[in-house]
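**Q** Data: data.tsv, TSV, C-alpha atoms (C1' of nucleotides).
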chain	number	residue	atom	x	y	z
A	69	MET	CA	-14.94	-3.25	-32.24
A	70	PRO	CA	-13.70	0.32	-32.61
A	71	PRO	CA	-13.83	1.76	-36.08
A	72	PRO	CA	-10.71	1.57	-38.19
A	73	GLY	CA	-8.51	4.46	-39.10
A	74	LYS	CA	-7.13	7.21	-36.93
A	75	LYS	CA	-8.00	6.69	-33.33
A	76	SER	CA	-6.52	9.50	-31.35
A	77	GLN	CA	-9.85	9.98	-29.66
A	78	THR	CA	-10.00	9.04	-26.02
A	79	PRO	CA	-7.55	6.34	-25.08
A	80	PRO	CA	-9.09	3.64	-22.92
A	81	ALA	CA	-8.25	3.18	-19.28
A	82	ILE	CA	-5.50	0.65	-18.65
A	83	SER	CA	-5.40	-1.52	-15.56
A	84	ASN	CA	-2.31	-2.21	-13.50
A	85	ALA	CA	-1.45	-5.55	-14.97
A	86	GLU	CA	-2.20	-4.30	-18.43
A	87	TRP	CA	0.31	-1.51	-18.01
A	88	GLU	CA	3.08	-3.99	-17.51
A	89	VAL	CA	2.18	-5.63	-20.76
A	90	ILE	CA	1.72	-2.53	-22.80
A	91	LYS	CA	5.00	-1.18	-21.52
A	92	THR	CA	6.86	-4.03	-23.12
A	93	LEU	CA	5.25	-3.14	-26.40
A	94	TRP	CA	6.47	0.40	-26.11
A	95	GLU	CA	9.90	-0.80	-25.21
A	96	HIS	CA	10.26	-3.49	-27.84
A	97	GLY	CA	7.92	-2.51	-30.62
A	98	SER	CA	5.67	-5.17	-32.10
A	99	LEU	CA	5.83	-8.54	-30.42
A	100	ALA	CA	4.12	-11.91	-30.51
A	101	ALA	CA	2.46	-12.98	-27.29
A	102	ARG	CA	5.26	-15.31	-26.37
A	103	ASP	CA	7.81	-12.55	-26.85
A	104	VAL	CA	5.83	-10.19	-24.70
A	105	TYR	CA	5.95	-12.87	-22.06
A	106	ALA	CA	9.67	-13.26	-22.47
A	107	ALA	CA	10.29	-9.53	-22.43
A	108	LEU	CA	8.45	-8.88	-19.20
A	109	PRO	CA	10.63	-7.95	-16.26
A	110	GLU	CA	11.89	-10.98	-14.41
A	111	GLY	CA	9.97	-12.25	-11.50
A	112	HIS	CA	6.57	-11.15	-12.64
A	113	GLY	CA	5.31	-14.60	-11.80
A	114	TRP	CA	2.63	-14.75	-14.46
A	115	ALA	CA	1.63	-17.77	-16.50
A	116	THR	CA	1.80	-17.30	-20.25
A	117	LYS	CA	-1.95	-17.63	-20.27
A	118	THR	CA	-2.24	-14.62	-18.06
A	119	VAL	CA	-0.19	-12.52	-20.40
A	120	LYS	CA	-2.30	-13.66	-23.30
A	121	THR	CA	-5.46	-12.77	-21.48
A	122	LEU	CA	-4.10	-9.33	-20.81
A	123	LEU	CA	-3.17	-8.90	-24.45
A	124	SER	CA	-6.65	-9.94	-25.50
A	125	ARG	CA	-8.22	-7.53	-23.13
A	126	LEU	CA	-6.04	-4.73	-24.36
A	127	VAL	CA	-7.08	-5.53	-27.90
A	128	ALA	CA	-10.71	-5.71	-26.83
A	129	LYS	CA	-10.58	-2.28	-25.32
A	130	GLY	CA	-8.81	-0.91	-28.33
A	131	ALA	CA	-5.63	-0.08	-26.51
A	132	ILE	CA	-3.39	-2.12	-28.77
A	133	GLY	CA	-3.69	-3.60	-32.23
A	134	TYR	CA	-2.33	-6.66	-33.95
A	135	GLU	CA	-1.50	-8.14	-37.27
A	136	GLN	CA	-2.00	-11.79	-37.97
A	137	ILE	CA	1.12	-13.67	-38.99
A	138	GLY	CA	0.36	-17.30	-39.67
A	139	ASN	CA	-1.57	-18.52	-36.70
A	140	SER	CA	-0.23	-15.99	-34.29
A	141	TYR	CA	-0.62	-12.29	-33.70
A	142	LEU	CA	1.95	-9.59	-33.77
A	143	TYR	CA	0.77	-7.11	-31.21
A	144	ARG	CA	1.63	-3.45	-31.45
A	145	ALA	CA	0.90	-0.34	-29.47
A	146	ILE	CA	-1.67	1.96	-30.98
A	147	TYR	CA	-1.27	4.85	-28.64
A	148	SER	CA	2.04	6.32	-27.73
A	149	ARG	CA	3.21	6.05	-24.19
A	150	GLU	CA	2.82	9.80	-24.04
A	151	GLN	CA	-0.83	9.63	-24.94
A	152	LEU	CA	-1.77	6.95	-22.49
A	153	THR	CA	0.31	8.41	-19.75
A	154	ARG	CA	-1.28	11.77	-20.23
A	155	ARG	CA	-4.67	10.21	-19.89
A	156	GLU	CA	-3.75	8.41	-16.70
A	157	VAL	CA	-2.13	11.47	-15.25
A	158	LYS	CA	-5.15	13.58	-15.94
A	159	GLY	CA	-7.41	11.07	-14.27
A	160	PHE	CA	-5.13	10.74	-11.33
A	161	VAL	CA	-4.62	14.43	-10.86
A	162	ASP	CA	-8.35	15.06	-11.01
A	163	ARG	CA	-9.24	12.22	-8.72
A	164	VAL	CA	-6.61	12.37	-6.04
A	165	LEU	CA	-5.06	15.77	-6.35
A	166	ASP	CA	-8.25	17.67	-7.00
A	167	GLY	CA	-6.93	19.06	-10.21
A	168	SER	CA	-3.79	20.59	-8.87
A	169	LEU	CA	-0.43	19.01	-9.27
A	170	LEU	CA	1.37	21.51	-7.16
A	171	PRO	CA	1.12	19.85	-3.75
A	172	VAL	CA	2.72	16.76	-5.11
A	173	LEU	CA	5.40	18.67	-6.84
A	174	ALA	CA	6.10	20.43	-3.63
A	175	HIS	CA	6.27	17.18	-1.82
A	176	PHE	CA	8.61	15.62	-4.31
A	177	ILE	CA	10.86	18.60	-4.41
A	178	GLU	CA	11.03	19.04	-0.68
A	179	GLU	CA	11.51	15.39	0.06
A	180	ARG	CA	14.30	15.31	-2.47
A	181	ASN	CA	12.52	12.65	-4.41
A	182	LEU	CA	13.72	14.17	-7.61
A	183	SER	CA	17.26	13.49	-8.66
A	184	GLU	CA	19.72	16.29	-9.27
A	185	GLU	CA	19.34	15.63	-12.92
A	186	GLU	CA	15.60	15.93	-12.72
A	187	LEU	CA	15.80	19.11	-10.72
A	188	ARG	CA	18.17	20.57	-13.23
A	189	ARG	CA	15.90	19.75	-16.10
A	190	LEU	CA	12.93	21.04	-14.24
A	191	ARG	CA	14.64	24.38	-13.75
A	192	HIS	CA	15.51	24.42	-17.36
A	193	LEU	CA	11.91	23.80	-18.34
A	194	LEU	CA	10.72	26.59	-16.16
A	195	GLU	CA	13.20	28.97	-17.69
A	196	LYS	CA	12.03	28.04	-21.14
A	197	ASN	CA	8.45	28.64	-20.12
A	198	PRO	CA	8.31	32.00	-18.47
A	199	PRO	CA	5.10	33.41	-17.09
A	200	LYS	CA	2.93	34.75	-19.79
A	201	GLY	CA	-0.51	36.34	-20.24
A	202	ALA	CA	-2.20	35.51	-16.98
A	203	SER	CA	-5.62	34.48	-18.11
A	204	ARG	CA	-5.64	31.01	-16.70
A	205	VAL	CA	-8.42	29.89	-14.50
A	206	LYS	CA	-7.85	26.91	-12.32
A	207	ARG	CA	-10.08	24.19	-13.61
A	208	ARG	CA	-12.20	22.29	-11.15
A	209	LYS	CA	-14.26	19.23	-11.65
A	210	SER	CA	-17.59	20.25	-13.11
B	134	MET	CA	-9.58	-5.21	12.35
B	135	PRO	CA	-6.43	-3.11	12.64
B	136	PRO	CA	-5.00	-2.73	16.11
B	137	PRO	CA	-5.89	0.39	18.06
B	138	GLY	CA	-3.63	3.29	18.70
B	139	LYS	CA	-1.32	5.10	16.32
B	140	LYS	CA	-1.71	3.78	12.84
B	141	SER	CA	0.79	5.55	10.68
B	142	GLN	CA	1.72	2.21	9.21
B	143	THR	CA	0.69	1.66	5.63
B	144	PRO	CA	-2.44	3.53	4.70
B	145	PRO	CA	-4.87	1.39	2.75
B	146	ALA	CA	-5.61	1.94	-0.91
B	147	ILE	CA	-8.61	4.15	-1.56
B	148	SER	CA	-10.86	3.65	-4.55
B	149	ASN	CA	-12.18	6.42	-6.74
B	150	ALA	CA	-15.57	6.80	-5.18
B	151	GLU	CA	-14.09	6.48	-1.75
B	152	TRP	CA	-11.82	9.43	-2.41
B	153	GLU	CA	-14.77	11.68	-2.94
B	154	VAL	CA	-16.11	10.69	0.42
B	155	ILE	CA	-12.92	10.89	2.34
B	156	LYS	CA	-12.22	14.29	0.86
B	157	THR	CA	-15.31	15.69	2.49
B	158	LEU	CA	-14.05	14.44	5.81
B	159	TRP	CA	-10.78	16.25	5.30
B	160	GLU	CA	-12.61	19.37	4.30
B	161	HIS	CA	-15.23	19.38	7.02
B	162	GLY	CA	-13.77	17.39	9.87
B	163	SER	CA	-15.93	14.79	11.56
B	164	LEU	CA	-19.33	14.26	10.01
B	165	ALA	CA	-22.32	12.00	10.31
B	166	ALA	CA	-23.20	10.01	7.21
B	167	ARG	CA	-26.02	12.32	6.26
B	168	ASP	CA	-23.74	15.33	6.52
B	169	VAL	CA	-21.13	13.69	4.37
B	170	TYR	CA	-23.87	13.21	1.85
B	171	ALA	CA	-24.91	16.82	2.10
B	172	ALA	CA	-21.36	18.09	1.87
B	173	LEU	CA	-20.50	16.22	-1.29
B	174	PRO	CA	-20.07	18.39	-4.37
B	175	GLU	CA	-23.35	18.99	-6.12
B	176	GLY	CA	-24.34	16.74	-8.91
B	177	HIS	CA	-22.59	13.65	-7.66
B	178	GLY	CA	-25.79	11.74	-8.29
B	179	TRP	CA	-25.36	9.21	-5.51
B	180	ALA	CA	-28.07	7.82	-3.31
B	181	THR	CA	-27.52	8.27	0.41
B	182	LYS	CA	-27.19	4.53	0.63
B	183	THR	CA	-24.25	4.62	-1.69
B	184	VAL	CA	-22.47	7.13	0.47
B	185	LYS	CA	-23.12	5.01	3.51
B	186	THR	CA	-21.76	1.98	1.79
B	187	LEU	CA	-18.63	3.88	0.93
B	188	LEU	CA	-18.25	5.06	4.50
B	189	SER	CA	-18.63	1.51	5.77
B	190	ARG	CA	-16.05	0.26	3.38
B	191	LEU	CA	-13.64	2.97	4.39
B	192	VAL	CA	-14.14	1.97	8.00
B	193	ALA	CA	-13.71	-1.68	7.10
B	194	LYS	CA	-10.39	-1.04	5.46
B	195	GLY	CA	-9.26	1.13	8.32
B	196	ALA	CA	-9.07	4.30	6.30
B	197	ILE	CA	-11.40	6.26	8.53
B	198	GLY	CA	-12.70	5.89	12.07
B	199	TYR	CA	-15.91	6.75	13.82
B	200	GLU	CA	-17.42	7.48	17.16
B	201	GLN	CA	-20.90	6.36	18.01
B	202	ILE	CA	-23.31	9.12	18.95
B	203	GLY	CA	-26.71	7.73	19.81
B	204	ASN	CA	-27.63	5.47	16.95
B	205	SER	CA	-25.44	7.14	14.39
B	206	TYR	CA	-21.77	7.39	13.71
B	207	LEU	CA	-19.59	10.42	13.55
B	208	TYR	CA	-16.99	9.58	10.96
B	209	ARG	CA	-13.54	11.08	11.02
B	210	ALA	CA	-10.41	10.83	8.96
B	211	ILE	CA	-7.63	8.81	10.49
B	212	TYR	CA	-4.93	9.59	8.00
B	213	SER	CA	-4.09	13.07	6.87
B	214	ARG	CA	-4.71	13.95	3.29
B	215	GLU	CA	-0.97	14.25	2.96
B	216	GLN	CA	-0.42	10.69	4.05
B	217	LEU	CA	-2.98	9.14	1.78
B	218	THR	CA	-2.04	11.31	-1.14
B	219	ARG	CA	1.57	10.41	-0.76
B	220	ARG	CA	0.69	6.77	-0.85
B	221	GLU	CA	-1.38	7.15	-3.98
B	222	VAL	CA	1.22	9.24	-5.68
B	223	LYS	CA	3.92	6.74	-4.99
B	224	GLY	CA	1.84	3.92	-6.37
B	225	PHE	CA	0.90	5.90	-9.41
B	226	VAL	CA	4.39	7.09	-10.16
B	227	ASP	CA	5.75	3.58	-9.85
B	228	ARG	CA	3.04	1.99	-11.89
B	229	VAL	CA	2.49	4.42	-14.71
B	230	LEU	CA	5.52	6.64	-14.72
B	231	ASP	CA	8.06	3.94	-14.02
B	232	GLY	CA	9.35	5.77	-11.03
B	233	SER	CA	10.10	9.08	-12.62
B	234	LEU	CA	7.89	12.07	-12.28
B	235	LEU	CA	9.79	14.24	-14.67
B	236	PRO	CA	7.99	13.43	-17.91
B	237	VAL	CA	4.74	14.45	-16.38
B	238	LEU	CA	6.15	17.59	-14.98
B	239	ALA	CA	7.48	18.43	-18.38
B	240	HIS	CA	4.16	17.79	-19.92
B	241	PHE	CA	2.29	19.91	-17.46
B	242	ILE	CA	4.69	22.76	-17.73
B	243	GLU	CA	4.82	22.74	-21.49
B	244	GLU	CA	1.14	22.34	-21.99
B	245	ARG	CA	0.55	25.23	-19.64
B	246	ASN	CA	-1.51	23.05	-17.42
B	247	LEU	CA	-0.13	24.81	-14.41
B	248	SER	CA	-1.53	28.18	-13.51
B	249	GLU	CA	0.66	31.24	-13.26
B	250	GLU	CA	0.31	31.00	-9.55
B	251	GLU	CA	1.43	27.42	-9.57
B	252	LEU	CA	4.36	28.16	-11.83
B	253	ARG	CA	5.40	30.97	-9.56
B	254	ARG	CA	5.28	28.79	-6.50
B	255	LEU	CA	7.10	26.04	-8.28
B	256	ARG	CA	9.93	28.42	-9.14
B	257	HIS	CA	9.99	29.54	-5.58
B	258	LEU	CA	10.26	25.97	-4.37
B	259	LEU	CA	13.11	25.27	-6.68
B	260	GLU	CA	14.93	28.33	-5.48
B	261	LYS	CA	14.51	27.25	-1.92
B	262	ASN	CA	15.85	23.83	-2.79
B	263	PRO	CA	19.06	24.38	-4.67
B	264	PRO	CA	21.11	21.53	-6.00
B	265	LYS	CA	23.04	19.87	-3.29
B	266	GLY	CA	25.50	17.02	-2.87
B	267	ALA	CA	24.85	14.91	-5.91
B	268	SER	CA	24.64	11.45	-4.47
B	269	ARG	CA	21.18	10.56	-5.61
B	270	VAL	CA	20.55	7.47	-7.59
B	271	LYS	CA	17.39	7.21	-9.56
B	272	ARG	CA	15.27	4.56	-7.97
B	273	ARG	CA	13.80	1.89	-10.17
B	274	LYS	CA	11.35	-0.79	-9.39
B	275	SER	CA	13.19	-3.72	-7.88
C	231	DT	C1'	-47.35	5.81	23.19
C	232	DG	C1'	-47.63	4.87	18.71
C	233	DA	C1'	-46.14	6.00	13.96
C	234	DT	C1'	-42.53	6.98	11.26
C	235	DA	C1'	-38.06	8.47	9.78
C	236	DA	C1'	-33.34	7.58	9.94
C	237	DC	C1'	-29.45	4.60	11.27
C	238	DG	C1'	-26.08	0.92	10.40
C	239	DA	C1'	-25.69	-4.10	9.03
C	240	DC	C1'	-26.27	-7.22	5.63
C	241	DT	C1'	-27.33	-8.48	0.90
C	242	DA	C1'	-27.38	-7.87	-4.20
C	243	DT	C1'	-25.85	-7.29	-8.74
C	244	DG	C1'	-23.21	-6.11	-12.65
C	245	DG	C1'	-18.83	-4.85	-14.41
C	246	DA	C1'	-13.59	-4.77	-14.08
C	247	DT	C1'	-9.54	-7.08	-12.73
C	248	DG	C1'	-6.09	-10.71	-11.62
C	249	DT	C1'	-5.10	-15.07	-12.66
C	250	DA	C1'	-5.45	-19.00	-15.31
C	251	DG	C1'	-7.43	-23.61	-17.60
C	252	DG	C1'	-9.63	-26.16	-21.61
C	253	DC	C1'	-10.42	-26.62	-26.47
C	254	DG	C1'	-10.25	-26.83	-31.34
C	255	DA	C1'	-7.11	-25.29	-35.11
C	256	DT	C1'	-2.67	-24.99	-37.03
C	257	DA	C1'	2.45	-24.86	-37.88
C	258	DG	C1'	6.51	-27.12	-37.55
C	259	DA	C1'	9.48	-31.49	-36.42
C	260	DC	C1'	10.52	-35.74	-38.09
D	92	DG	C1'	1.82	-37.58	-43.28
D	93	DT	C1'	1.49	-37.77	-38.37
D	94	DC	C1'	2.42	-36.07	-33.80
D	95	DT	C1'	2.88	-32.48	-30.83
D	96	DA	C1'	3.73	-27.78	-29.31
D	97	DT	C1'	1.60	-23.52	-29.69
D	98	DC	C1'	-1.96	-20.21	-31.02
D	99	DG	C1'	-5.99	-17.45	-30.02
D	100	DC	C1'	-10.71	-17.99	-28.30
D	101	DC	C1'	-13.87	-18.92	-24.79
D	102	DT	C1'	-14.69	-19.96	-20.05
D	103	DA	C1'	-13.87	-19.74	-15.05
D	104	DC	C1'	-13.65	-17.88	-10.71
D	105	DA	C1'	-12.43	-15.04	-6.79
D	106	DT	C1'	-12.01	-10.25	-5.62
D	107	DC	C1'	-12.91	-5.50	-5.85
D	108	DC	C1'	-15.67	-1.67	-7.05
D	109	DA	C1'	-19.86	1.21	-8.05
D	110	DT	C1'	-24.23	1.46	-6.89
D	111	DA	C1'	-28.03	0.61	-4.21
D	112	DG	C1'	-31.94	-2.11	-1.81
D	113	DT	C1'	-33.86	-4.76	2.46
D	114	DC	C1'	-34.31	-5.27	7.26
D	115	DG	C1'	-34.35	-4.93	12.12
D	116	DT	C1'	-33.50	-1.32	15.50
D	117	DT	C1'	-33.62	3.08	17.47
D	118	DA	C1'	-34.64	7.99	17.86
D	119	DT	C1'	-38.00	11.39	17.45
D	120	DC	C1'	-42.37	13.83	16.65
D	121	DA	C1'	-47.09	14.37	17.58
Transcribe the structure of this file into structure tokens.

**A**
Amino acid sequence: MPPPGKKSQTPPAISNAEWEVIKTLWEHGSLAARDVYAALPEGHGWATKTVKTLLSRLVAKGAIGYEQIGNSYLYRAIYSREQLTRREVKGFVDRVLDGSLLPVLAHFIEERNLSEEELRRLRHLLEKNPPKGASRVKRRKS
Amino acid sequence: MPPPGKKSQTPPAISNAEWEVIKTLWEHGSLAARDVYAALPEGHGWATKTVKTLLSRLVAKGAIGYEQIGNSYLYRAIYSREQLTRREVKGFVDRVLDGSLLPVLAHFIEERNLSEEELRRLRHLLEKNPPKGASRVKRRKS
DNA sequence: TGATAACGACTATGGATGTAGGCGATAGAC
DNA sequence: GTCTATCGCCTACATCCATAGTCGTTATCA
């Protein structure tokens, strides 16, 4: 069991199915298992038991927490979606993209897989973040 | 066994360890197992046997092909890095990012996780791809 | 031509994952 | 108060993945 208190250390890895579950917690706040089940997107095709297993596993790996209410648990996210997403993105970028996001960006931009809105905001972001002191070194896997 | 001939159908999913192996094929062209082993980044810590297992599995799932030379195989990539990467990116974006790449872009840009060079090229890409007929609808998982 | 090194095929094992059932405890319906 | 629906816990099991060993066969060196 992970130690109590602040745990912004290294968020655990989250499997596919677990993501679906944890997403509902981000979207709805704290939920009992049955409400997680109910809040899942339609057509997921899982048994309630499956959802409960996933919740347990998430608790076991310290990805979510809970509070006991009567004989049931009220599950809540521990990490923000930002935090966990960042972790996944980093892993993905390192593994598949060899540390560089650019080729994918290029692909998405050229294939028009970004909406107008997204493109607009992307431009805006770039304007807000002009080039500065060029001391960056492209990190590679050690 | 997948049918012969052109196989630009759906590239198979590639596991973490397998990516390392297949990358060396993209980087070096066709290689025998022992050369794949030799070409892997230093410090991977794998036994040759492990690399061979990974190669076999890649063949089994139709991700790479081979040509028999004497008693050994010359392995070669079947799919381009582009193709496989695209597949992985799509899966990742759908699964973790809920279909939208923007939050990650934002993160990378704001956290300065892109090099100057990358930022420059990104700006360039955006300039080359100006807003056009706004008929895009943001795709969501069905 | 015989020993040996290297090859690929098959096997192994332990952990993660997807999917779920059974069981004892409890909360709520009547 | 008793029955029953529900809870979380523990167990199950097939698959995949990471990692590697065994084995029979073949290439190669001396």

**Q** Could you list, as number ranges by chain, the residues of chain B having an atom within 9 Å of chain C when counting all atoms listed in the file?

**A** B: 185, 189, 204-206

**Q** Any idea which chain B residues end up within 9 Å of chain D if we count all atoms listed in the file, as a VMD selection string please?

**A** chain B and resid 148 to 150 179 to 183 186 203 to 204

**Q** Within 8 Å of chain B, which residues of chain A show up when using all atoms listed in the file, listed as JSON, numbers by chain?

**A** {"A": [84, 87, 153, 154, 156, 157, 160, 163, 164, 165, 168, 169, 170, 172, 173, 174, 177, 178, 182, 183, 184, 186, 187, 188, 190, 191, 193, 194, 197, 199, 200, 202, 204, 205, 206]}

**Q** Can you spit out the residues from that selection as a PDB file, in the frame of the given file, using C-alpha atoms?

**A**
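What follows is the written file result_30.pdb:
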ATOM      1  CA  ASN A  84      -2.310  -2.210 -13.500  1.00  0.00           C
ATOM      2  CA  TRP A  87       0.310  -1.510 -18.010  1.00  0.00           C
ATOM      3  CA  THR A 153       0.310   8.410 -19.750  1.00  0.00           C
ATOM      4  CA  ARG A 154      -1.280  11.770 -20.230  1.00  0.00           C
ATOM      5  CA  GLU A 156      -3.750   8.410 -16.700  1.00  0.00           C
ATOM      6  CA  VAL A 157      -2.130  11.470 -15.250  1.00  0.00           C
ATOM      7  CA  PHE A 160      -5.130  10.740 -11.330  1.00  0.00           C
ATOM      8  CA  ARG A 163      -9.240  12.220  -8.720  1.00  0.00           C
ATOM      9  CA  VAL A 164      -6.610  12.370  -6.040  1.00  0.00           C
ATOM     10  CA  LEU A 165      -5.060  15.770  -6.350  1.00  0.00           C
ATOM     11  CA  SER A 168      -3.790  20.590  -8.870  1.00  0.00           C
ATOM     12  CA  LEU A 169      -0.430  19.010  -9.270  1.00  0.00           C
ATOM     13  CA  LEU A 170       1.370  21.510  -7.160  1.00  0.00           C
ATOM     14  CA  VAL A 172       2.720  16.760  -5.110  1.00  0.00           C
ATOM     15  CA  LEU A 173       5.400  18.670  -6.840  1.00  0.00           C
ATOM     16  CA  ALA A 174       6.100  20.430  -3.630  1.00  0.00           C
ATOM     17  CA  ILE A 177      10.860  18.600  -4.410  1.00  0.00           C
ATOM     18  CA  GLU A 178      11.030  19.040  -0.680  1.00  0.00           C
ATOM     19  CA  LEU A 182      13.720  14.170  -7.610  1.00  0.00           C
ATOM     20  CA  SER A 183      17.260  13.490  -8.660  1.00  0.00           C
ATOM     21  CA  GLU A 184      19.720  16.290  -9.270  1.00  0.00           C
ATOM     22  CA  GLU A 186      15.600  15.930 -12.720  1.00  0.00           C
ATOM     23  CA  LEU A 187      15.800  19.110 -10.720  1.00  0.00           C
ATOM     24  CA  ARG A 188      18.170  20.570 -13.230  1.00  0.00           C
ATOM     25  CA  LEU A 190      12.930  21.040 -14.240  1.00  0.00           C
ATOM     26  CA  ARG A 191      14.640  24.380 -13.750  1.00  0.00           C
ATOM     27  CA  LEU A 193      11.910  23.800 -18.340  1.00  0.00           C
ATOM     28  CA  LEU A 194      10.720  26.590 -16.160  1.00  0.00           C
ATOM     29  CA  ASN A 197       8.450  28.640 -20.120  1.00  0.00           C
ATOM     30  CA  PRO A 199       5.100  33.410 -17.090  1.00  0.00           C
ATOM     31  CA  LYS A 200       2.930  34.750 -19.790  1.00  0.00           C
ATOM     32  CA  ALA A 202      -2.200  35.510 -16.980  1.00  0.00           C
ATOM     33  CA  ARG A 204      -5.640  31.010 -16.700  1.00  0.00           C
ATOM     34  CA  VAL A 205      -8.420  29.890 -14.500  1.00  0.00           C
ATOM     35  CA  LYS A 206      -7.850  26.910 -12.320  1.00  0.00           C
TER      36      LYS A 206
END

**Q** Which neighbours of stretch 143-146 of chain A fall inside 7 Å, counting only C-alpha atoms (C1' of nucleotides), when residues of the same chain fewer than 4 positions from it are skipped, and could you give them as a PDB file with C-alpha atoms, in the coordinates of the input?

**A**
ATOM      1  CA  LEU A  93       5.250  -3.140 -26.400  1.00  0.00           C
ATOM      2  CA  TRP A  94       6.470   0.400 -26.110  1.00  0.00           C
ATOM      3  CA  GLY A  97       7.920  -2.510 -30.620  1.00  0.00           C
ATOM      4  CA  SER A  98       5.670  -5.170 -32.100  1.00  0.00           C
ATOM      5  CA  LEU A  99       5.830  -8.540 -30.420  1.00  0.00           C
ATOM      6  CA  ALA A 100       4.120 -11.910 -30.510  1.00  0.00           C
ATOM      7  CA  ALA A 131      -5.630  -0.080 -26.510  1.00  0.00           C
ATOM      8  CA  ILE A 132      -3.390  -2.120 -28.770  1.00  0.00           C
ATOM      9  CA  GLY A 133      -3.690  -3.600 -32.230  1.00  0.00           C
ATOM     10  CA  TYR A 134      -2.330  -6.660 -33.950  1.00  0.00           C
ATOM     11  CA  GLU A 135      -1.500  -8.140 -37.270  1.00  0.00           C
TER      12      GLU A 135
END

**Q** Would you work out the distance separating atom CA of A:Asp162 from atom CA of B:Asp227, expressed in Å to one decimal?

**A**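 Straight-line distance from atom CA of A:Asp162 to atom CA of B:Asp227 works out to 18.2 Å.
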
**Q** Quote the spacing between atom CA of B:Val192 and atom CA of B:Glu151 in Å to one decimal place.

**A** 10.7 Å

**Q** Please measure the separation of atom CA of B:Tyr170 and atom CA of B:Ile155, giving the value in Å to one decimal.

**A** 11.2 Å
